[in-house]
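Listing of my_file23.cif, mmCIF, C-alpha atoms and all ligand atoms
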data_run
loop_
_atom_site.group_PDB
_atom_site.id
_atom_site.type_symbol
_atom_site.label_atom_id
_atom_site.label_comp_id
_atom_site.auth_asym_id
_atom_site.auth_seq_id
_atom_site.Cartn_x
_atom_site.Cartn_y
_atom_site.Cartn_z
ATOM 1 C CA MET A 1 -60.234 -71.553 30.261
ATOM 2 C CA ASN A 2 -57.349 -69.144 30.274
ATOM 3 C CA VAL A 3 -56.407 -66.783 27.450
ATOM 4 C CA SER A 4 -53.443 -68.744 26.141
ATOM 5 C CA MET A 5 -55.433 -71.970 25.956
ATOM 6 C CA HIS A 6 -58.202 -70.167 24.065
ATOM 7 C CA PHE A 7 -55.584 -68.812 21.689
ATOM 8 C CA PHE A 8 -53.849 -72.112 20.952
ATOM 9 C CA VAL A 9 -56.930 -74.331 20.786
ATOM 10 C CA SER A 10 -58.640 -71.828 18.479
ATOM 11 C CA LEU A 11 -55.539 -71.507 16.329
ATOM 12 C CA ILE A 12 -55.287 -75.286 15.945
ATOM 13 C CA LEU A 13 -58.958 -75.579 15.006
ATOM 14 C CA CYS A 14 -58.519 -72.707 12.536
ATOM 15 C CA ALA A 15 -55.672 -74.622 10.890
ATOM 16 C CA VAL A 16 -57.842 -77.754 10.724
ATOM 17 C CA LEU A 17 -60.729 -75.805 9.176
ATOM 18 C CA PHE A 18 -58.584 -73.908 6.670
ATOM 19 C CA PRO A 19 -58.642 -76.574 3.905
ATOM 20 C CA PHE A 20 -62.446 -76.635 4.063
ATOM 21 C CA VAL A 21 -63.421 -72.990 4.564
ATOM 22 C CA GLY A 22 -60.316 -71.077 3.448
ATOM 23 C CA TRP A 23 -59.624 -67.683 4.984
ATOM 24 C CA TRP A 24 -63.025 -67.617 6.647
ATOM 25 C CA CYS A 25 -61.298 -69.537 9.426
ATOM 26 C CA VAL A 26 -59.558 -66.281 10.409
ATOM 27 C CA LEU A 27 -62.934 -64.814 11.392
ATOM 28 C CA PHE A 28 -63.634 -68.007 13.295
ATOM 29 C CA PHE A 29 -60.338 -67.527 15.147
ATOM 30 C CA VAL A 30 -61.036 -63.852 15.837
ATOM 31 C CA GLY A 31 -64.483 -64.691 17.206
ATOM 32 C CA SER A 32 -63.125 -67.494 19.300
ATOM 33 C CA PHE A 33 -60.217 -65.585 20.778
ATOM 34 C CA LEU A 34 -61.125 -61.911 20.894
ATOM 35 C CA VAL A 35 -64.538 -62.394 22.474
ATOM 36 C CA ASP A 36 -62.789 -62.152 25.841
ATOM 37 C CA VAL A 37 -62.158 -58.464 25.150
ATOM 38 C CA ASP A 38 -65.335 -57.873 27.146
ATOM 39 C CA HIS A 39 -63.481 -58.943 30.304
ATOM 40 C CA TYR A 40 -61.029 -56.112 29.728
ATOM 41 C CA LEU A 41 -63.823 -53.645 28.938
ATOM 42 C CA ASP A 42 -65.637 -54.630 32.131
ATOM 43 C CA TYR A 43 -62.448 -54.092 34.123
ATOM 44 C CA VAL A 44 -61.754 -50.706 32.497
ATOM 45 C CA PHE A 45 -65.276 -49.392 33.115
ATOM 46 C CA SER A 46 -65.542 -50.846 36.618
ATOM 47 C CA PHE A 47 -62.173 -49.738 37.941
ATOM 48 C CA ARG A 48 -61.324 -46.883 35.561
ATOM 49 C CA ASP A 49 -57.962 -48.490 34.953
ATOM 50 C CA LEU A 50 -56.506 -49.190 31.494
ATOM 51 C CA SER A 51 -53.857 -51.645 32.692
ATOM 52 C CA LEU A 52 -54.152 -54.823 30.658
ATOM 53 C CA LYS A 53 -51.972 -56.681 33.142
ATOM 54 C CA ARG A 54 -54.082 -55.744 36.177
ATOM 55 C CA ALA A 55 -57.262 -56.593 34.242
ATOM 56 C CA TYR A 56 -55.816 -59.996 33.391
ATOM 57 C CA LEU A 57 -54.809 -60.649 36.998
ATOM 58 C CA PHE A 58 -58.180 -59.449 38.288
ATOM 59 C CA TYR A 59 -60.088 -61.919 36.136
ATOM 60 C CA LYS A 60 -57.568 -64.690 36.642
ATOM 61 C CA ASN A 61 -58.072 -64.520 40.408
ATOM 62 C CA TYR A 62 -61.737 -63.556 40.405
ATOM 63 C CA SER A 63 -64.002 -66.115 42.005
ATOM 64 C CA GLY A 64 -67.334 -64.304 41.775
ATOM 65 C CA HIS A 65 -67.528 -63.729 45.514
ATOM 66 C CA LEU A 66 -67.979 -59.955 45.270
ATOM 67 C CA THR A 67 -70.510 -59.601 42.498
ATOM 68 C CA VAL A 68 -71.499 -61.294 39.273
ATOM 69 C CA ARG A 69 -69.774 -59.521 36.400
ATOM 70 C CA LEU A 70 -71.307 -58.519 33.094
ATOM 71 C CA ASN A 71 -69.293 -59.609 30.074
ATOM 72 C CA VAL A 72 -71.490 -58.443 27.227
ATOM 73 C CA PHE A 73 -70.089 -60.758 24.560
ATOM 74 C CA HIS A 74 -70.795 -63.734 26.841
ATOM 75 C CA THR A 75 -74.546 -63.068 27.144
ATOM 76 C CA PHE A 76 -77.553 -64.686 25.496
ATOM 77 C CA GLU A 77 -78.717 -61.335 24.146
ATOM 78 C CA PHE A 78 -75.485 -60.815 22.230
ATOM 79 C CA TRP A 79 -75.598 -64.370 20.868
ATOM 80 C CA VAL A 80 -79.168 -63.941 19.650
ATOM 81 C CA PHE A 81 -78.134 -60.689 17.973
ATOM 82 C CA LEU A 82 -75.251 -62.486 16.227
ATOM 83 C CA LEU A 83 -77.475 -65.425 15.299
ATOM 84 C CA VAL A 84 -79.890 -63.127 13.502
ATOM 85 C CA LEU A 85 -77.049 -61.323 11.695
ATOM 86 C CA SER A 86 -75.509 -64.681 10.756
ATOM 87 C CA PHE A 87 -78.470 -65.448 8.528
ATOM 88 C CA PHE A 88 -77.713 -62.380 6.428
ATOM 89 C CA TYR A 89 -73.921 -62.018 6.539
ATOM 90 C CA LYS A 90 -71.476 -64.855 5.966
ATOM 91 C CA PRO A 91 -68.578 -63.152 7.833
ATOM 92 C CA VAL A 92 -70.763 -62.781 10.914
ATOM 93 C CA MET A 93 -71.625 -66.480 10.672
ATOM 94 C CA PHE A 94 -67.949 -67.512 10.926
ATOM 95 C CA PHE A 95 -67.348 -64.979 13.683
ATOM 96 C CA SER A 96 -70.379 -66.376 15.547
ATOM 97 C CA LEU A 97 -69.183 -69.948 15.137
ATOM 98 C CA GLY A 98 -65.917 -68.850 16.729
ATOM 99 C CA ILE A 99 -67.803 -67.384 19.671
ATOM 100 C CA LEU A 100 -69.852 -70.570 19.972
ATOM 101 C CA PHE A 101 -66.630 -72.574 20.106
ATOM 102 C CA HIS A 102 -65.277 -70.176 22.721
ATOM 103 C CA MET A 103 -68.385 -70.677 24.849
ATOM 104 C CA LEU A 104 -67.993 -74.445 24.654
ATOM 105 C CA LEU A 105 -64.461 -74.059 25.960
ATOM 106 C CA ASP A 106 -65.711 -71.736 28.709
ATOM 107 C CA LEU A 107 -68.183 -74.407 29.826
ATOM 108 C CA HIS A 108 -65.217 -76.091 31.446
ATOM 109 C CA ASN A 109 -65.069 -73.313 34.049
ATOM 110 C CA ILE A 110 -68.771 -73.506 34.721
ATOM 111 C CA THR A 111 -69.296 -77.263 34.838
ATOM 112 C CA VAL A 112 -66.006 -78.652 36.092
ATOM 113 C CA LYS A 113 -64.686 -75.855 38.286
ATOM 114 C CA LYS A 114 -68.186 -74.671 39.284
ATOM 115 C CA ASN A 115 -66.806 -71.185 38.831
ATOM 116 C CA ILE A 116 -69.651 -68.909 37.764
ATOM 117 C CA THR A 117 -68.287 -65.377 37.729
ATOM 118 C CA ARG A 118 -70.475 -63.673 35.153
ATOM 119 C CA SER A 119 -74.086 -63.227 34.338
ATOM 120 C CA PRO A 120 -75.362 -65.231 31.349
ATOM 121 C CA SER A 121 -77.754 -62.441 30.402
ATOM 122 C CA ILE A 122 -77.857 -58.644 30.383
ATOM 123 C CA ILE A 123 -81.404 -58.757 31.793
ATOM 124 C CA HIS A 124 -80.318 -61.117 34.573
ATOM 125 C CA TRP A 125 -77.428 -58.811 35.418
ATOM 126 C CA LEU A 126 -79.687 -55.738 35.516
ATOM 127 C CA VAL A 127 -82.143 -57.498 37.854
ATOM 128 C CA LYS A 128 -79.372 -58.766 40.140
ATOM 129 C CA LYS A 129 -77.666 -55.382 40.204
ATOM 130 C CA LYS A 130 -80.679 -53.648 41.833
HETATM 131 ZN ZN ZN A 201 -64.764 -66.459 27.629
#

Translate the structure of the given file into structure tokens.
Ligand SMILES: [Zn+2]
Amino acid sequence: MNVSMHFFVSLILCAVLFPFVGWWCVLFFVGSFLVDVDHYLDYVFSFRDLSLKRAYLFYKNYSGHLTVRLNVFHTFEFWVFLLVLSFFYKPVMFFSLGILFHMLLDLHNITVKKNITRSPSIIHWLVKKK
């Protein structure tokens, strides 16, 4: 799913949740939308280029044919880390729910488009990288 769709779908769900959870929905929105920052970080570290536009275009056109990318916030290890923290900190719980929602939206790319461009795990990525 592209960035703008993540933004608008998350914003709409945040508005729907607001009467029930109050301002906690903002953390849900932040988790759901800003988790894709790891795409930019991957681009910056891989290509040593700070251009947000080129990073966006790189990922928009990337098909996974060169190598499987590591997007840290999209890995099982990061989710387990957040899950553990969620038991102790309410803000982290709403942030994590946002990321979970984001991942459900991302499933569209994996299941419908069959477009697997990133590793689901840091360990998997490290093994594949060698
Ligand atoms: Zn994503």

* **Chain and number of each residue from the PyMOL selection byres (((chain A and resi 35-47) around 9) and not hetatm), as a list in words** => Val3, Val30, Gly31, Ser32, Phe33, Leu34, Arg48, Asp49, Leu50, Ser51, Leu52, Arg54, Ala55, Tyr56, Phe58, Tyr59, Arg69, Leu70, Asn71, Val72, Phe73, His74, Gly98, Ile99 and His102 of chain A

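Take atom CA of A:Leu97 and atom CA of A:Leu27: the distance between them is 8.9 Å.
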
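Here atom CA of A:Asn2 stands at a distance of 28.7 Å from atom CA of A:Val84.
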
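Among the candidates A:Phe94, A:His124, A:Thr75, A:Lys53, the one nearest to ligand ZN 201 (chain A) when counting only C-alpha atoms and all ligand atoms is A:Thr75.
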
* Asked: Once the PyMOL selection byres (((chain A and resi 119) around 6) and not hetatm) has been applied to the shown file, what residues remain in the selection, as an MDAnalysis selection string?
  -> chainID A and resid 68 70 118 120:121 125

* Which one is closest to ligand ZN 201 (chain A): A:Leu57, A:Val16, A:Val80, A:Leu107? Count only C-alpha atoms and all ligand atoms. -> A:Leu107

* Point out the residue among A:Met93, A:Val21, A:Ile123, A:Met5 with the least atom-to-atom distance to ligand ZN 201 (chain A), counting only C-alpha atoms and all ligand atoms. => A:Met5

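Nearest residue to ligand ZN 201 (chain A), choosing from A:Met103, A:Ala15, A:Phe28, A:Thr117 and counting all atoms listed in the file: A:Met103.
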
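Minimum distance to ligand ZN 201 (chain A) across A:Leu126, A:Leu104, A:Val112, A:Val92 (counting only C-alpha atoms and all ligand atoms) occurs at A:Leu104.
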
For stretch 84-100 of chain A, what centre and edge lengths in Å (one decimal) does the axis-aligned box get once 8 Å is added on each side of all its listed atoms, as AutoDock Vina command-line options?
--center_x -72.9 --center_y -65.9 --center_z 13.0 --size_x 30.0 --size_y 25.2 --size_z 30.0

N, CA and C atoms for stretch 84-119 of chain A, written as a PDB file, in the frame of the given file, could you do that?
ATOM      1  N   VAL A  84     -79.048 -63.784  14.509  1.00  0.00           N
ATOM      2  CA  VAL A  84     -79.890 -63.127  13.502  1.00  0.00           C
ATOM      3  C   VAL A  84     -79.026 -62.565  12.371  1.00  0.00           C
ATOM      4  N   LEU A  85     -77.936 -61.882  12.729  1.00  0.00           N
ATOM      5  CA  LEU A  85     -77.049 -61.323  11.695  1.00  0.00           C
ATOM      6  C   LEU A  85     -76.398 -62.413  10.852  1.00  0.00           C
ATOM      7  N   SER A  86     -76.163 -63.576  11.464  1.00  0.00           N
ATOM      8  CA  SER A  86     -75.509 -64.681  10.756  1.00  0.00           C
ATOM      9  C   SER A  86     -76.324 -65.179   9.567  1.00  0.00           C
ATOM     10  N   PHE A  87     -77.633 -65.016   9.640  1.00  0.00           N
ATOM     11  CA  PHE A  87     -78.470 -65.448   8.528  1.00  0.00           C
ATOM     12  C   PHE A  87     -78.291 -64.561   7.301  1.00  0.00           C
ATOM     13  N   PHE A  88     -77.820 -63.344   7.519  1.00  0.00           N
ATOM     14  CA  PHE A  88     -77.713 -62.380   6.428  1.00  0.00           C
ATOM     15  C   PHE A  88     -76.277 -62.140   5.973  1.00  0.00           C
ATOM     16  N   TYR A  89     -75.309 -62.353   6.859  1.00  0.00           N
ATOM     17  CA  TYR A  89     -73.921 -62.018   6.539  1.00  0.00           C
ATOM     18  C   TYR A  89     -72.999 -63.207   6.848  1.00  0.00           C
ATOM     19  N   LYS A  90     -72.372 -63.701   5.808  1.00  0.00           N
ATOM     20  CA  LYS A  90     -71.476 -64.855   5.966  1.00  0.00           C
ATOM     21  C   LYS A  90     -70.312 -64.576   6.932  1.00  0.00           C
ATOM     22  N   PRO A  91     -69.664 -63.398   6.872  1.00  0.00           N
ATOM     23  CA  PRO A  91     -68.578 -63.152   7.833  1.00  0.00           C
ATOM     24  C   PRO A  91     -69.053 -63.239   9.275  1.00  0.00           C
ATOM     25  N   VAL A  92     -70.232 -62.729   9.544  1.00  0.00           N
ATOM     26  CA  VAL A  92     -70.763 -62.781  10.914  1.00  0.00           C
ATOM     27  C   VAL A  92     -71.003 -64.233  11.325  1.00  0.00           C
ATOM     28  N   MET A  93     -71.392 -65.069  10.360  1.00  0.00           N
ATOM     29  CA  MET A  93     -71.625 -66.480  10.672  1.00  0.00           C
ATOM     30  C   MET A  93     -70.324 -67.144  11.168  1.00  0.00           C
ATOM     31  N   PHE A  94     -69.208 -66.900  10.483  1.00  0.00           N
ATOM     32  CA  PHE A  94     -67.949 -67.512  10.926  1.00  0.00           C
ATOM     33  C   PHE A  94     -67.484 -66.923  12.252  1.00  0.00           C
ATOM     34  N   PHE A  95     -67.675 -65.630  12.415  1.00  0.00           N
ATOM     35  CA  PHE A  95     -67.348 -64.979  13.683  1.00  0.00           C
ATOM     36  C   PHE A  95     -68.183 -65.592  14.813  1.00  0.00           C
ATOM     37  N   SER A  96     -69.474 -65.803  14.542  1.00  0.00           N
ATOM     38  CA  SER A  96     -70.379 -66.376  15.547  1.00  0.00           C
ATOM     39  C   SER A  96     -70.012 -67.817  15.882  1.00  0.00           C
ATOM     40  N   LEU A  97     -69.611 -68.570  14.872  1.00  0.00           N
ATOM     41  CA  LEU A  97     -69.183 -69.948  15.137  1.00  0.00           C
ATOM     42  C   LEU A  97     -67.950 -69.956  16.039  1.00  0.00           C
ATOM     43  N   GLY A  98     -67.075 -68.986  15.848  1.00  0.00           N
ATOM     44  CA  GLY A  98     -65.917 -68.850  16.729  1.00  0.00           C
ATOM     45  C   GLY A  98     -66.337 -68.574  18.162  1.00  0.00           C
ATOM     46  N   ILE A  99     -67.315 -67.700  18.324  1.00  0.00           N
ATOM     47  CA  ILE A  99     -67.803 -67.384  19.671  1.00  0.00           C
ATOM     48  C   ILE A  99     -68.481 -68.607  20.285  1.00  0.00           C
ATOM     49  N   LEU A 100     -69.224 -69.342  19.475  1.00  0.00           N
ATOM     50  CA  LEU A 100     -69.852 -70.570  19.972  1.00  0.00           C
ATOM     51  C   LEU A 100     -68.780 -71.550  20.464  1.00  0.00           C
ATOM     52  N   PHE A 101     -67.733 -71.697  19.697  1.00  0.00           N
ATOM     53  CA  PHE A 101     -66.630 -72.574  20.106  1.00  0.00           C
ATOM     54  C   PHE A 101     -66.008 -72.078  21.405  1.00  0.00           C
ATOM     55  N   HIS A 102     -65.820 -70.775  21.499  1.00  0.00           N
ATOM     56  CA  HIS A 102     -65.277 -70.176  22.721  1.00  0.00           C
ATOM     57  C   HIS A 102     -66.156 -70.511  23.929  1.00  0.00           C
ATOM     58  N   MET A 103     -67.466 -70.405  23.740  1.00  0.00           N
ATOM     59  CA  MET A 103     -68.385 -70.677  24.849  1.00  0.00           C
ATOM     60  C   MET A 103     -68.316 -72.147  25.271  1.00  0.00           C
ATOM     61  N   LEU A 104     -68.133 -73.029  24.311  1.00  0.00           N
ATOM     62  CA  LEU A 104     -67.993 -74.445  24.654  1.00  0.00           C
ATOM     63  C   LEU A 104     -66.741 -74.668  25.498  1.00  0.00           C
ATOM     64  N   LEU A 105     -65.682 -73.953  25.154  1.00  0.00           N
ATOM     65  CA  LEU A 105     -64.461 -74.059  25.960  1.00  0.00           C
ATOM     66  C   LEU A 105     -64.680 -73.465  27.353  1.00  0.00           C
ATOM     67  N   ASP A 106     -65.429 -72.370  27.414  1.00  0.00           N
ATOM     68  CA  ASP A 106     -65.711 -71.736  28.709  1.00  0.00           C
ATOM     69  C   ASP A 106     -66.575 -72.615  29.608  1.00  0.00           C
ATOM     70  N   LEU A 107     -67.339 -73.525  29.019  1.00  0.00           N
ATOM     71  CA  LEU A 107     -68.183 -74.407  29.826  1.00  0.00           C
ATOM     72  C   LEU A 107     -67.366 -75.198  30.841  1.00  0.00           C
ATOM     73  N   HIS A 108     -66.106 -75.389  30.526  1.00  0.00           N
ATOM     74  CA  HIS A 108     -65.217 -76.091  31.446  1.00  0.00           C
ATOM     75  C   HIS A 108     -65.209 -75.394  32.812  1.00  0.00           C
ATOM     76  N   ASN A 109     -65.084 -74.070  32.792  1.00  0.00           N
ATOM     77  CA  ASN A 109     -65.069 -73.313  34.049  1.00  0.00           C
ATOM     78  C   ASN A 109     -66.377 -73.453  34.808  1.00  0.00           C
ATOM     79  N   ILE A 110     -67.468 -73.493  34.074  1.00  0.00           N
ATOM     80  CA  ILE A 110     -68.771 -73.506  34.721  1.00  0.00           C
ATOM     81  C   ILE A 110     -69.119 -74.895  35.239  1.00  0.00           C
ATOM     82  N   THR A 111     -68.863 -75.921  34.451  1.00  0.00           N
ATOM     83  CA  THR A 111     -69.296 -77.263  34.838  1.00  0.00           C
ATOM     84  C   THR A 111     -68.276 -78.007  35.697  1.00  0.00           C
ATOM     85  N   VAL A 112     -67.027 -77.901  35.352  1.00  0.00           N
ATOM     86  CA  VAL A 112     -66.006 -78.652  36.092  1.00  0.00           C
ATOM     87  C   VAL A 112     -65.545 -77.899  37.334  1.00  0.00           C
ATOM     88  N   LYS A 113     -65.194 -76.641  37.155  1.00  0.00           N
ATOM     89  CA  LYS A 113     -64.686 -75.855  38.286  1.00  0.00           C
ATOM     90  C   LYS A 113     -65.808 -75.253  39.123  1.00  0.00           C
ATOM     91  N   LYS A 114     -67.033 -75.293  38.609  1.00  0.00           N
ATOM     92  CA  LYS A 114     -68.186 -74.671  39.284  1.00  0.00           C
ATOM     93  C   LYS A 114     -67.895 -73.200  39.593  1.00  0.00           C
ATOM     94  N   ASN A 115     -67.224 -72.563  38.651  1.00  0.00           N
ATOM     95  CA  ASN A 115     -66.806 -71.185  38.831  1.00  0.00           C
ATOM     96  C   ASN A 115     -67.656 -70.270  37.951  1.00  0.00           C
ATOM     97  N   ILE A 116     -68.763 -69.793  38.502  1.00  0.00           N
ATOM     98  CA  ILE A 116     -69.651 -68.909  37.764  1.00  0.00           C
ATOM     99  C   ILE A 116     -69.360 -67.482  38.210  1.00  0.00           C
ATOM    100  N   THR A 117     -68.702 -66.726  37.350  1.00  0.00           N
ATOM    101  CA  THR A 117     -68.287 -65.377  37.729  1.00  0.00           C
ATOM    102  C   THR A 117     -68.997 -64.312  36.931  1.00  0.00           C
ATOM    103  N   ARG A 118     -69.812 -64.690  35.968  1.00  0.00           N
ATOM    104  CA  ARG A 118     -70.475 -63.673  35.153  1.00  0.00           C
ATOM    105  C   ARG A 118     -71.920 -64.045  34.908  1.00  0.00           C
ATOM    106  N   SER A 119     -72.677 -63.024  34.610  1.00  0.00           N
ATOM    107  CA  SER A 119     -74.086 -63.227  34.338  1.00  0.00           C
ATOM    108  C   SER A 119     -74.258 -63.743  32.910  1.00  0.00           C
TER     109      SER A 119
END
